[in-house]
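For reference, work22.cif is printed below; it contains mmCIF, C-alpha atoms.
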data_model
loop_
_atom_site.label_atom_id
_atom_site.label_comp_id
_atom_site.auth_asym_id
_atom_site.auth_seq_id
_atom_site.Cartn_x
_atom_site.Cartn_y
_atom_site.Cartn_z
CA MET A 1 28.19 -12.59 12.67
CA PRO A 2 30.00 -9.22 12.96
CA ILE A 3 32.09 -8.86 16.11
CA LEU A 4 30.54 -6.11 18.21
CA ASP A 5 32.37 -4.37 21.02
CA THR A 6 30.68 -6.09 23.94
CA ARG A 7 32.25 -3.64 26.38
CA VAL A 8 29.77 -1.03 25.11
CA PRO A 9 26.16 -1.61 26.23
CA ALA A 10 23.05 -0.49 24.36
CA VAL A 11 20.02 1.40 25.66
CA LEU A 12 16.75 1.01 23.75
CA LEU A 13 14.41 3.96 24.29
CA ARG A 14 10.67 3.97 23.64
CA ILE A 15 8.29 6.62 24.95
CA ASP A 16 5.19 5.20 23.26
CA ARG A 17 3.45 2.95 25.78
CA ASN A 18 2.73 0.08 23.42
CA PRO A 19 3.26 -3.42 24.88
CA PHE A 20 3.01 -5.02 21.43
CA HIS A 21 5.98 -3.23 19.86
CA HIS A 22 7.84 -6.19 18.38
CA GLY A 23 10.60 -3.94 17.01
CA THR A 24 11.90 -3.34 20.53
CA LEU A 25 12.10 -7.08 21.11
CA GLY A 26 13.89 -7.52 17.78
CA ALA A 27 16.52 -4.94 18.76
CA ALA A 28 17.07 -6.53 22.18
CA ARG A 29 17.53 -9.97 20.60
CA SER A 30 19.79 -8.73 17.81
CA LEU A 31 22.22 -6.97 20.15
CA GLY A 32 21.89 -9.49 22.98
CA ARG A 33 22.73 -12.42 20.74
CA ALA A 34 25.94 -10.60 19.79
CA GLY A 35 26.90 -10.39 23.47
CA VAL A 36 25.94 -6.75 24.05
CA GLU A 37 24.40 -5.81 27.41
CA VAL A 38 20.92 -4.46 26.59
CA HIS A 39 18.93 -2.03 28.72
CA VAL A 40 15.37 -1.02 27.77
CA VAL A 41 13.83 2.31 28.77
CA ALA A 42 10.13 1.70 28.20
CA ASP A 43 6.87 1.00 29.98
CA SER A 44 7.36 -2.53 31.29
CA GLU A 45 3.90 -3.15 32.74
CA GLY A 46 2.67 -6.30 31.06
CA SER A 47 5.18 -5.96 28.22
CA PRO A 48 6.37 -9.28 26.76
CA VAL A 49 9.71 -7.61 25.99
CA ARG A 50 10.69 -7.67 29.66
CA ARG A 51 10.51 -11.49 29.55
CA SER A 52 13.33 -11.69 27.02
CA ARG A 53 16.49 -13.32 28.29
CA PHE A 54 18.46 -10.77 26.26
CA VAL A 55 17.19 -7.80 28.30
CA CYS A 56 19.55 -7.01 31.15
CA GLU A 57 17.30 -4.44 32.86
CA MET A 58 14.09 -2.47 32.24
CA HIS A 59 13.97 1.21 33.23
CA PRO A 60 10.89 3.46 33.52
CA PRO A 61 10.56 5.92 30.61
CA PRO A 62 9.97 9.66 30.85
CA PRO A 63 6.29 10.19 31.76
CA PRO A 64 3.90 11.50 29.09
CA GLY A 65 4.25 15.23 28.55
CA SER A 66 7.72 15.38 30.11
CA SER A 67 9.73 18.56 29.69
CA ALA A 68 13.17 18.51 28.11
CA THR A 69 14.72 18.74 31.57
CA GLU A 70 12.72 15.74 32.83
CA PHE A 71 13.61 13.75 29.70
CA VAL A 72 17.33 14.39 30.15
CA THR A 73 17.10 13.62 33.87
CA VAL A 74 15.59 10.19 33.19
CA LEU A 75 18.24 9.27 30.61
CA ARG A 76 21.07 10.53 32.79
CA ARG A 77 19.72 8.38 35.62
CA VAL A 78 19.82 5.36 33.31
CA ALA A 79 23.34 6.27 32.16
CA ALA A 80 24.46 6.37 35.79
CA ARG A 81 22.90 2.96 36.35
CA VAL A 82 24.63 1.53 33.26
CA SER A 83 27.85 3.20 34.49
CA ARG A 84 29.59 3.56 31.11
CA PRO A 85 28.84 5.19 27.73
CA ALA A 86 26.17 3.26 25.82
CA VAL A 87 24.79 3.25 22.29
CA LEU A 88 21.36 4.89 22.48
CA VAL A 89 18.70 3.52 20.09
CA PRO A 90 15.40 5.45 19.91
CA MET A 91 12.64 3.00 18.91
CA ASP A 92 9.78 5.41 18.16
CA ASP A 93 9.40 8.83 16.54
CA ALA A 94 8.82 10.66 19.82
CA SER A 95 12.08 9.29 21.21
CA ALA A 96 14.01 10.03 18.01
CA VAL A 97 12.78 13.63 17.92
CA ALA A 98 13.53 14.19 21.61
CA VAL A 99 17.04 12.71 21.31
CA GLY A 100 17.69 14.88 18.24
CA ARG A 101 16.69 18.01 20.13
CA LEU A 102 18.73 17.12 23.22
CA ARG A 103 21.76 15.56 21.58
CA GLU A 104 24.31 17.86 23.22
CA GLU A 105 22.90 17.20 26.70
CA LEU A 106 23.08 13.43 26.17
CA THR A 107 26.50 12.98 24.59
CA HIS A 108 28.35 12.62 27.90
CA GLY A 109 26.52 9.35 28.64
CA TYR A 110 25.56 8.04 25.20
CA LEU A 111 26.99 7.38 21.74
CA LEU A 112 24.88 8.97 18.99
CA PRO A 113 25.20 9.50 15.22
CA GLN A 114 26.34 12.92 14.02
CA GLN A 115 22.95 14.01 12.67
CA PRO A 116 22.96 17.41 10.93
CA GLY A 117 20.85 19.87 12.92
CA PRO A 118 17.15 19.14 13.51
CA LEU A 119 16.94 16.84 10.48
CA ALA A 120 15.26 13.95 12.34
CA GLU A 121 12.45 16.24 13.46
CA ARG A 122 12.02 17.70 9.97
CA VAL A 123 11.61 14.36 8.23
CA ALA A 124 9.36 12.92 10.97
CA ASP A 125 6.95 15.86 10.64
CA LYS A 126 4.52 14.90 7.85
CA SER A 127 4.01 18.47 6.65
CA GLU A 128 7.75 19.19 6.64
CA LEU A 129 8.39 15.97 4.74
CA ALA A 130 6.43 17.24 1.75
CA ALA A 131 8.75 20.27 1.53
CA VAL A 132 11.82 18.08 2.01
CA CYS A 133 10.78 15.83 -0.87
CA GLU A 134 10.15 18.80 -3.13
CA SER A 135 13.58 20.25 -2.33
CA VAL A 136 15.43 17.03 -3.24
CA GLY A 137 13.25 15.93 -6.17
CA ILE A 138 11.69 12.86 -4.55
CA PRO A 139 8.08 12.03 -5.56
CA HIS A 140 5.56 12.71 -2.80
CA PRO A 141 1.74 12.80 -2.92
CA VAL A 142 0.31 16.29 -3.38
CA THR A 143 -0.19 17.65 0.14
CA LEU A 144 -2.24 20.61 1.38
CA VAL A 145 -2.25 22.07 4.90
CA PRO A 146 -5.59 23.82 5.57
CA GLU A 147 -5.80 26.82 7.91
CA SER A 148 -9.54 26.67 8.60
CA PRO A 149 -12.47 24.21 8.42
CA ALA A 150 -13.58 25.81 5.16
CA GLN A 151 -10.11 25.34 3.69
CA ALA A 152 -10.14 21.70 4.81
CA ALA A 153 -13.36 21.11 2.88
CA ALA A 154 -12.04 22.97 -0.16
CA ALA A 155 -8.76 21.04 -0.08
CA ALA A 156 -10.64 17.73 0.00
CA TRP A 157 -12.55 18.71 -3.13
CA GLN A 158 -9.42 20.08 -4.79
CA LEU A 159 -7.43 16.88 -4.24
CA GLY A 160 -10.35 14.68 -5.26
CA LEU A 161 -12.16 12.45 -2.80
CA PRO A 162 -11.22 10.20 -1.14
CA VAL A 163 -8.16 11.86 0.39
CA VAL A 164 -5.67 10.85 3.05
CA ALA A 165 -5.74 12.85 6.29
CA LYS A 166 -2.68 12.88 8.55
CA TRP A 167 -1.62 14.67 11.70
CA SER A 168 1.71 16.31 10.99
CA ARG A 169 3.23 15.10 14.28
CA PRO A 170 1.50 11.79 14.99
CA TRP A 171 3.57 11.11 18.12
CA LEU A 172 1.65 13.96 19.81
CA VAL A 173 -1.79 12.36 19.31
CA PRO A 174 -2.98 11.48 22.84
CA ALA A 175 -3.81 7.87 23.62
CA GLY A 176 -7.51 7.16 24.02
CA ALA A 177 -8.61 10.18 21.99
CA GLY A 178 -10.20 8.08 19.25
CA LEU A 179 -7.88 9.66 16.67
CA ARG A 180 -5.85 7.74 14.12
CA SER A 181 -2.55 9.14 12.90
CA THR A 182 -3.58 8.43 9.29
CA VAL A 183 -7.07 7.90 7.88
CA VAL A 184 -8.88 8.05 4.56
CA VAL A 185 -11.72 10.59 4.49
CA ARG A 186 -14.49 10.33 1.94
CA SER A 187 -16.33 13.63 2.28
CA ALA A 188 -15.56 17.31 2.76
CA GLN A 189 -17.58 17.22 5.98
CA GLU A 190 -15.28 14.54 7.43
CA ALA A 191 -12.27 16.70 6.57
CA GLN A 192 -13.87 19.65 8.37
CA SER A 193 -14.65 17.53 11.42
CA LEU A 194 -11.08 16.34 11.66
CA TYR A 195 -9.72 19.86 11.32
CA LEU A 196 -11.77 20.92 14.35
CA ARG A 197 -9.86 18.35 16.44
CA ALA A 198 -6.41 19.71 15.58
CA GLU A 199 -5.88 21.22 19.03
CA GLU A 200 -6.75 17.89 20.62
CA ALA A 201 -4.38 16.05 18.24
CA GLY A 202 -1.53 18.38 19.13
CA SER A 203 -0.44 19.22 15.57
CA ARG A 204 -1.68 20.41 12.19
CA LEU A 205 -3.96 18.43 9.92
CA LEU A 206 -2.74 17.84 6.40
CA LEU A 207 -4.65 16.40 3.46
CA GLN A 208 -2.91 14.32 0.86
CA ALA A 209 -3.81 12.97 -2.56
CA PHE A 210 -4.90 9.34 -2.27
CA LEU A 211 -2.76 6.73 -4.01
CA PRO A 212 -4.72 3.47 -3.94
CA PRO A 213 -3.04 0.42 -2.41
CA GLY A 214 -2.73 -2.84 -4.29
CA PRO A 215 -0.46 -5.75 -5.14
CA ASP A 216 3.17 -4.71 -5.59
CA ARG A 217 2.41 -1.07 -4.69
CA ASP A 218 3.38 -0.87 -1.01
CA TRP A 219 7.11 -0.87 -0.35
CA PHE A 220 9.46 0.04 2.47
CA PHE A 221 13.19 0.58 2.78
CA HIS A 222 15.24 0.18 5.97
CA GLY A 223 18.85 1.19 6.31
CA TYR A 224 21.67 2.70 8.29
CA ALA A 225 23.72 5.65 7.02
CA ASP A 226 27.16 5.49 8.61
CA ARG A 227 29.56 8.35 9.36
CA SER A 228 30.62 8.46 5.69
CA GLY A 229 27.02 8.35 4.42
CA ALA A 230 27.27 4.79 3.08
CA LEU A 231 24.15 2.67 3.47
CA SER A 232 24.20 -0.73 5.17
CA GLY A 233 22.14 -3.09 7.29
CA GLY A 234 18.94 -2.96 5.26
CA GLY A 235 17.33 -2.92 1.84
CA PRO A 236 14.02 -2.73 -0.03
CA GLY A 237 11.02 -4.77 1.06
CA ARG A 238 7.52 -5.35 -0.21
CA LYS A 239 4.56 -5.20 2.13
CA GLN A 240 2.49 -8.31 1.41
CA ARG A 241 0.00 -7.95 4.25
CA ALA A 242 -0.80 -4.99 6.47
CA TRP A 243 -2.70 -4.47 9.71
CA PRO A 244 -5.30 -3.14 9.13
CA ARG A 245 -5.74 -4.24 5.52
CA GLY A 246 -4.54 -1.70 2.99
CA ALA A 247 -2.98 0.58 5.60
CA GLY A 248 -0.97 0.37 8.78
CA LEU A 249 1.99 -1.68 9.87
CA THR A 250 3.59 -4.58 8.04
CA ALA A 251 2.12 -7.93 9.06
CA VAL A 252 3.95 -9.90 6.35
CA GLY A 253 6.90 -8.49 4.43
CA ARG A 254 9.45 -9.86 1.99
CA TRP A 255 12.98 -8.72 1.11
CA THR A 256 12.63 -7.88 -2.59
CA PRO A 257 15.41 -6.39 -4.73
CA ASN A 258 14.35 -3.13 -6.37
CA PRO A 259 17.15 -1.16 -8.11
CA GLN A 260 14.85 1.78 -8.86
CA LEU A 261 13.89 2.17 -5.21
CA GLN A 262 17.48 1.63 -4.08
CA ALA A 263 18.68 4.48 -6.28
CA LEU A 264 15.88 6.75 -5.05
CA VAL A 265 16.79 6.13 -1.40
CA GLU A 266 20.50 6.68 -2.03
CA GLN A 267 19.65 9.99 -3.68
CA LEU A 268 17.44 11.05 -0.76
CA ILE A 269 19.84 10.09 2.06
CA GLY A 270 22.88 11.46 0.24
CA THR A 271 21.29 14.82 -0.57
CA LEU A 272 19.99 15.31 2.98
CA GLY A 273 23.24 14.18 4.62
CA TYR A 274 21.20 11.98 6.96
CA ARG A 275 23.11 9.86 9.47
CA GLY A 276 21.72 6.99 11.51
CA ILE A 277 18.92 4.43 11.22
CA PHE A 278 15.92 5.15 9.02
CA ASP A 279 12.68 3.49 7.91
CA LEU A 280 10.95 4.74 4.75
CA ASP A 281 7.49 3.89 3.37
CA PHE A 282 6.71 4.17 -0.33
CA ARG A 283 3.68 3.62 -2.54
CA ARG A 284 4.04 3.08 -6.26
CA ASP A 285 1.69 4.97 -8.54
CA ASP A 286 0.47 2.50 -11.16
CA THR A 287 -0.23 5.31 -13.63
CA THR A 288 3.29 6.76 -13.66
CA GLY A 289 5.32 3.90 -12.16
CA ARG A 290 6.93 6.37 -9.73
CA TYR A 291 7.55 5.57 -6.06
CA HIS A 292 6.11 8.22 -3.74
CA LEU A 293 7.63 8.64 -0.30
CA LEU A 294 4.81 8.50 2.27
CA ASP A 295 6.73 8.45 5.56
CA PHE A 296 10.28 8.97 6.80
CA ASN A 297 10.81 7.47 10.26
CA PRO A 298 14.19 8.43 11.82
CA ARG A 299 14.52 5.18 13.78
CA PRO A 300 14.31 1.41 13.22
CA GLY A 301 11.12 0.14 11.64
CA ALA A 302 9.33 -2.55 13.62
CA GLN A 303 10.13 -5.15 10.94
CA PHE A 304 13.85 -4.24 10.61
CA ARG A 305 14.87 -7.83 11.34
CA LEU A 306 13.58 -8.77 7.88
CA PHE A 307 16.90 -7.42 6.60
CA ALA A 308 19.22 -9.51 8.80
CA ASP A 309 21.65 -10.59 6.08
CA GLY A 310 23.99 -13.49 5.51
CA ALA A 311 26.76 -11.70 7.42
CA GLY A 312 24.53 -11.28 10.47
CA LEU A 313 24.15 -7.54 9.91
CA ASP A 314 21.01 -5.48 10.52
CA VAL A 315 20.47 -1.78 11.19
CA VAL A 316 20.93 -1.85 14.97
CA ARG A 317 24.11 -3.89 14.70
CA ALA A 318 25.35 -1.51 12.00
CA LEU A 319 24.68 1.41 14.36
CA HIS A 320 26.58 -0.25 17.22
CA LEU A 321 29.53 -1.17 14.99
CA ASP A 322 29.78 2.30 13.48
CA LEU A 323 29.51 4.21 16.76
CA THR A 324 32.16 1.99 18.38
CA HIS A 325 34.44 2.44 15.34
CA ARG A 326 34.30 -1.19 14.32
CA PRO A 327 34.36 -2.19 10.63
CA LEU A 328 31.03 -3.01 9.01
CA PRO A 329 31.08 -6.29 7.05
CA ASP A 330 30.35 -6.34 3.36
CA PRO A 331 26.60 -6.77 2.76
CA ALA A 332 25.36 -10.29 2.08
CA PRO A 333 21.74 -9.80 0.91
CA LEU A 334 19.16 -12.55 1.38
CA PRO A 335 16.43 -11.70 -1.17
CA GLY A 336 13.22 -13.61 -0.61
CA ARG A 337 13.62 -13.66 3.16
CA ALA A 338 10.26 -13.08 4.90
CA PHE A 339 9.09 -11.51 8.15
CA VAL A 340 5.76 -12.32 9.82
CA VAL A 341 4.08 -10.71 12.85
CA GLU A 342 2.15 -13.61 14.37
CA ASN A 343 -0.62 -11.73 16.17
CA TYR A 344 -1.52 -9.82 12.98
CA ALA A 345 -1.03 -12.68 10.51
CA PRO A 346 -1.41 -15.97 12.42
CA LEU A 347 -2.18 -18.08 9.35
CA SER A 348 0.89 -16.77 7.55
CA ALA A 349 2.96 -17.61 10.61
CA LEU A 350 1.70 -21.21 10.58
CA ARG A 351 2.08 -21.76 6.83
CA PRO A 352 5.16 -23.82 5.85
CA ARG A 353 7.63 -21.76 3.84
CA ALA A 354 10.43 -22.74 1.52
CA GLU A 355 12.29 -19.46 2.02
CA GLU A 356 13.89 -18.19 5.21
CA CYS A 357 11.31 -16.57 7.49
CA GLU A 358 11.68 -14.76 10.81
CA LEU A 359 8.81 -14.41 13.25
CA ALA A 360 8.43 -11.20 15.23
CA TRP A 361 7.70 -12.80 18.60
CA HIS A 362 8.65 -16.46 18.63
CA ALA A 363 12.29 -17.55 18.70
CA PRO A 364 13.73 -20.95 19.72
CA ASP A 365 16.37 -19.29 21.88
CA ASP A 366 13.97 -16.82 23.55
CA ARG A 367 10.53 -18.40 23.97
CA ALA A 368 9.14 -16.44 26.93
CA PRO A 369 8.20 -13.19 25.08
CA GLY A 370 6.14 -15.07 22.47
CA LEU A 371 4.19 -16.97 25.09
CA ALA A 372 3.60 -13.79 27.09
CA MET A 373 2.47 -11.96 23.95
CA TRP A 374 -0.33 -14.44 23.21
CA GLY A 375 -1.74 -14.22 26.72
CA LEU A 376 -1.69 -10.42 26.61
CA TRP A 377 -3.02 -10.29 23.05
CA CYS A 378 -6.00 -12.55 23.76
CA ARG A 379 -7.03 -10.39 26.72
CA HIS A 380 -6.53 -7.25 24.64
CA VAL A 381 -8.68 -8.50 21.76
CA ALA A 382 -11.44 -9.73 24.08
CA ARG A 383 -11.57 -6.40 25.89
CA ARG A 384 -11.66 -4.31 22.70
CA LEU A 385 -14.25 -6.57 21.11
CA LEU A 386 -16.50 -6.29 24.15
CA GLU A 387 -16.19 -2.50 24.09
CA ARG A 388 -17.17 -2.40 20.42
CA VAL A 389 -20.12 -4.75 20.90
CA ARG A 390 -21.43 -2.58 23.72
CA ARG A 391 -21.26 0.50 21.53
CA LEU A 392 -23.02 -1.20 18.62
CA LEU A 393 -25.87 -2.73 20.64
CA PRO A 394 -29.00 -0.59 21.21
CA GLY A 395 -30.21 0.42 24.66
CA PRO A 396 -28.75 2.24 27.63
CA VAL A 397 -26.01 -0.37 28.18
CA ALA A 398 -24.51 0.54 24.83
CA ALA A 399 -24.85 4.30 25.21
CA PRO A 400 -21.62 5.92 24.00
CA ARG A 401 -19.49 7.79 26.43
CA THR A 402 -19.66 11.55 26.12
CA THR A 403 -16.46 12.50 27.87
CA ALA A 404 -14.50 14.91 25.70
CA GLY A 405 -11.79 13.20 23.69
CA THR A 406 -13.22 9.67 23.73
CA ALA A 407 -13.79 7.52 20.67
CA ALA A 408 -17.52 8.33 20.83
CA ASP A 409 -16.70 11.90 19.82
CA ALA A 410 -14.65 10.88 16.81
CA PRO A 411 -16.04 11.69 13.35
CA LEU A 412 -17.05 8.76 11.17
CA VAL A 413 -13.81 8.25 9.28
CA ARG A 414 -13.37 4.98 7.46
CA PRO A 415 -10.02 3.21 7.18
CA LEU A 416 -8.94 1.82 3.83
CA GLY A 417 -11.05 -1.14 2.90
CA GLY A 418 -14.67 -0.02 2.52
CA PRO A 419 -17.79 0.07 4.71
CA ILE A 420 -17.51 -0.20 8.46
CA SER A 421 -18.37 -3.53 10.04
CA LEU A 422 -17.88 -4.99 13.49
CA THR A 423 -14.63 -6.58 12.31
CA ASP A 424 -13.42 -3.30 10.83
CA SER A 425 -14.33 -1.47 14.02
CA LEU A 426 -12.29 -3.92 16.07
CA THR A 427 -9.41 -3.62 13.62
CA ASP A 428 -9.53 0.17 13.86
CA SER A 429 -9.53 0.03 17.64
CA LEU A 430 -6.55 -2.30 17.81
CA ALA A 431 -4.73 -0.23 15.23
CA ASP A 432 -5.28 2.86 17.34
CA ASP A 433 -3.54 1.14 20.23
CA GLU A 434 -0.68 0.16 17.95
CA LYS A 435 -0.47 3.69 16.47
CA ALA A 436 -0.17 1.89 13.17
CA SER A 437 0.53 4.42 10.48
CA SER A 438 3.87 3.48 9.02
CA CYS A 439 5.77 1.16 11.28
#
Can you turn what I pasted into structure tokens?
Amino acid sequence: MPILDTRVPAVLLRIDRNPFHHGTLGAARSLGRAGVEVHVVADSEGSPVRRSRFVCEMHPPPPPGSSATEFVTVLRRVAARVSRPAVLVPMDDASAVAVGRLREELTHGYLLPQQPGPLAERVADKSELAAVCESVGIPHPVTLVPESPAQAAAAAWQLGLPVVAKWSRPWLVPAGAGLRSTVVVRSAQEAQSLYLRAEEAGSRLLLQAFLPPGPDRDWFFHGYADRSGALSGGGPGRKQRAWPRGAGLTAVGRWTPNPQLQALVEQLIGTLGYRGIFDLDFRRDDTTGRYHLLDFNPRPGAQFRLFADGAGLDVVRALHLDLTHRPLPDPAPLPGRAFVVENYAPLSALRPRAEECELAWHAPDDRAPGLAMWGLWCRHVARRLLERVRRLLPGPVAAPRTTAGTAADAPLVRPLGGPISLTDSLTDSLADDEKASSC
């Protein structure tokens, strides 16, 4: 295990109020096991993360819709509580973008990578990412940004149905609005209906050529770019199961060597001059064999612990080592290593495996978060299932709510995977809560 400077604490920051974010738990365990004092700035109500023995203290996050001044005030309050400079680790896109904007105001209390300008915000914005890819020669699905409902319909026909619809800044989509950050639309009318909700979503709608999912097509790459630009702490992985099926976050992933993808990522990060942790999602086009970049997340991916290598290095440890001017060990890849998220792939979690496998929630040295997760998850599933059943049943009991911005107002937009069923509806609802687009 690399020797971290245990005099320097770490602060994990997550604005998204998602109690099932296993990436936050993974970061707390990774740093805590190395002896680092870990503070978490996130919504702690019911969160299994707060049960971890590796979390020193939970702090309330900035409230939704906070101004820049309020955001800085909250983090300065935490810095005063910690009482010495700490490594700050944003765990969601909203946090990463906010920290990028306010870097100068935060440097007196936190250690941060030297990111060039507003680069984190550019790559996190889905519409900006298309331009970024074009400028550096990285394959990216053809993307159109309509300026009217009529243009949305025309773009859908131009790209060829079905098409992928995304909100350019998914972290702005309000909770409970019945909007998914990424969906597949199958008619021009659906594209028009989504466009009309752009103001509610908080950002522009973009339509993207659909690359079908399939075996060996969905890949991701996690890494850390240090002060010199060298990559460490991660590698290429193949998404074996997703939640929901065919789209969404990684439920089962495997560390899989891929020299072509490695070279593509090195080209991208080197050309941009990106510094810090990143999580990239790719889809391979079977026709051309090219890997198209779908998402660039300027923070740790939820499954980053897949890439904990033989030297004990992962992306958050690499960040801590680099920012405290400690040497990073030589990489010791563990190809074939697997990562399973138990609540999304319970059968995979139970199946005996010959290769090394890490579970997202359960750990022999930190059992409380896993137990708390199952209690919370069962209540969550039961509640969402009951809501869906009530909406599907006829009669006044099942009458949909008509309050503006509820799921009842959402257009009929199918996720990947075919016709809507009760199971698919439940999956969609849970995925909405998880904000599962590219974690």
Interface rows for region 234-348 of chain A against region 218-226 of chain A: nearest pair, Å to one decimal, 8 Å, all atoms listed in the file, as JSON lines:
{"residue": "A:Gly234", "atom": "CA", "partner": "A:Gly223", "partner_atom": "CA", "distance": 4.3}
{"residue": "A:Gly235", "atom": "CA", "partner": "A:Phe221", "partner_atom": "CA", "distance": 5.5}
{"residue": "A:Pro236", "atom": "CA", "partner": "A:Phe221", "partner_atom": "CA", "distance": 4.4}
{"residue": "A:Gly237", "atom": "CA", "partner": "A:Phe220", "partner_atom": "CA", "distance": 5.2}
{"residue": "A:Arg238", "atom": "CA", "partner": "A:Trp219", "partner_atom": "CA", "distance": 4.5}
{"residue": "A:Lys239", "atom": "CA", "partner": "A:Asp218", "partner_atom": "CA", "distance": 5.5}
{"residue": "A:Gln240", "atom": "CA", "partner": "A:Asp218", "partner_atom": "CA", "distance": 7.9}
{"residue": "A:Val265", "atom": "CA", "partner": "A:Phe221", "partner_atom": "CA", "distance": 7.8}
{"residue": "A:Ile269", "atom": "CA", "partner": "A:Ala225", "partner_atom": "CA", "distance": 7.7}
{"residue": "A:Tyr274", "atom": "CA", "partner": "A:Ala225", "partner_atom": "CA", "distance": 6.8}
{"residue": "A:Arg275", "atom": "CA", "partner": "A:Ala225", "partner_atom": "CA", "distance": 4.9}
{"residue": "A:Gly276", "atom": "CA", "partner": "A:Ala225", "partner_atom": "CA", "distance": 5.1}
{"residue": "A:Ile277", "atom": "CA", "partner": "A:Tyr224", "partner_atom": "CA", "distance": 4.4}
{"residue": "A:Phe278", "atom": "CA", "partner": "A:Gly223", "partner_atom": "CA", "distance": 5.6}
{"residue": "A:Asp279", "atom": "CA", "partner": "A:His222", "partner_atom": "CA", "distance": 4.6}
{"residue": "A:Leu280", "atom": "CA", "partner": "A:Phe221", "partner_atom": "CA", "distance": 5.1}
{"residue": "A:Asp281", "atom": "CA", "partner": "A:Phe220", "partner_atom": "CA", "distance": 4.4}
{"residue": "A:Phe282", "atom": "CA", "partner": "A:Trp219", "partner_atom": "CA", "distance": 5.1}
{"residue": "A:Arg283", "atom": "CA", "partner": "A:Asp218", "partner_atom": "CA", "distance": 4.8}
{"residue": "A:Arg284", "atom": "CA", "partner": "A:Asp218", "partner_atom": "CA", "distance": 6.6}
{"residue": "A:Pro300", "atom": "CA", "partner": "A:His222", "partner_atom": "CA", "distance": 7.4}
{"residue": "A:Gly301", "atom": "CA", "partner": "A:His222", "partner_atom": "CA", "distance": 7.0}
{"residue": "A:Phe304", "atom": "CA", "partner": "A:His222", "partner_atom": "CA", "distance": 6.6}
{"residue": "A:Phe307", "atom": "CA", "partner": "A:His222", "partner_atom": "CA", "distance": 7.8}
{"residue": "A:Val315", "atom": "CA", "partner": "A:Tyr224", "partner_atom": "CA", "distance": 5.5}
{"residue": "A:Ala318", "atom": "CA", "partner": "A:Tyr224", "partner_atom": "CA", "distance": 6.7}
{"residue": "A:Leu319", "atom": "CA", "partner": "A:Tyr224", "partner_atom": "CA", "distance": 6.9}
{"residue": "A:Asp322", "atom": "CA", "partner": "A:Asp226", "partner_atom": "CA", "distance": 6.4}
Please write the residues from the selection above to a file, keeping C-alpha atoms, as an mmCIF file, in the frame of the given file.
data_model
loop_
_atom_site.group_PDB
_atom_site.id
_atom_site.type_symbol
_atom_site.label_atom_id
_atom_site.label_comp_id
_atom_site.auth_asym_id
_atom_site.auth_seq_id
_atom_site.Cartn_x
_atom_site.Cartn_y
_atom_site.Cartn_z
ATOM 1 C CA GLY A 234 18.940 -2.960 5.260
ATOM 2 C CA GLY A 235 17.330 -2.920 1.840
ATOM 3 C CA PRO A 236 14.020 -2.730 -0.030
ATOM 4 C CA GLY A 237 11.020 -4.770 1.060
ATOM 5 C CA ARG A 238 7.520 -5.350 -0.210
ATOM 6 C CA LYS A 239 4.560 -5.200 2.130
ATOM 7 C CA GLN A 240 2.490 -8.310 1.410
ATOM 8 C CA VAL A 265 16.790 6.130 -1.400
ATOM 9 C CA ILE A 269 19.840 10.090 2.060
ATOM 10 C CA TYR A 274 21.200 11.980 6.960
ATOM 11 C CA ARG A 275 23.110 9.860 9.470
ATOM 12 C CA GLY A 276 21.720 6.990 11.510
ATOM 13 C CA ILE A 277 18.920 4.430 11.220
ATOM 14 C CA PHE A 278 15.920 5.150 9.020
ATOM 15 C CA ASP A 279 12.680 3.490 7.910
ATOM 16 C CA LEU A 280 10.950 4.740 4.750
ATOM 17 C CA ASP A 281 7.490 3.890 3.370
ATOM 18 C CA PHE A 282 6.710 4.170 -0.330
ATOM 19 C CA ARG A 283 3.680 3.620 -2.540
ATOM 20 C CA ARG A 284 4.040 3.080 -6.260
ATOM 21 C CA PRO A 300 14.310 1.410 13.220
ATOM 22 C CA GLY A 301 11.120 0.140 11.640
ATOM 23 C CA PHE A 304 13.850 -4.240 10.610
ATOM 24 C CA PHE A 307 16.900 -7.420 6.600
ATOM 25 C CA VAL A 315 20.470 -1.780 11.190
ATOM 26 C CA ALA A 318 25.350 -1.510 12.000
ATOM 27 C CA LEU A 319 24.680 1.410 14.360
ATOM 28 C CA ASP A 322 29.780 2.300 13.480
#
Residues of region 279-304 of chain A that approach region 121-143 of chain A to 8 Å or less, counting only C-alpha atoms: could you list each one with the shortest pair of atoms and its distance in Å to one decimal, rows by chain and increasing residue number, as CSV?
residue,atom,partner,partner_atom,distance
A:Arg290,CA,A:Pro139,CA,7.1
A:Tyr291,CA,A:Pro139,CA,6.5
A:His292,CA,A:His140,CA,4.6
A:Leu293,CA,A:His140,CA,5.2
A:Leu294,CA,A:His140,CA,6.6
A:Asp295,CA,A:Lys126,CA,7.2
A:Phe296,CA,A:Val123,CA,5.7
A:Asn297,CA,A:Ala124,CA,5.7
A:Pro298,CA,A:Ala124,CA,6.6
Checklist line | Residues matched by the PyMOL selection byres ((chain A and resi 361) around 8), written as a list in words | finding: His22, Leu25, Val341, Glu342, Leu359, Ala360, His362, Ala363, Pro369, Gly370 and Met373 of chain A
Suppose we keep C-alpha atoms; can you now write the selection as a CSV table (one decimal), in the frame of the given file?
chain,number,residue,atom,x,y,z
A,22,HIS,CA,7.8,-6.2,18.4
A,25,LEU,CA,12.1,-7.1,21.1
A,341,VAL,CA,4.1,-10.7,12.8
A,342,GLU,CA,2.2,-13.6,14.4
A,359,LEU,CA,8.8,-14.4,13.2
A,360,ALA,CA,8.4,-11.2,15.2
A,362,HIS,CA,8.6,-16.5,18.6
A,363,ALA,CA,12.3,-17.6,18.7
A,369,PRO,CA,8.2,-13.2,25.1
A,370,GLY,CA,6.1,-15.1,22.5
A,373,MET,CA,2.5,-12.0,24.0
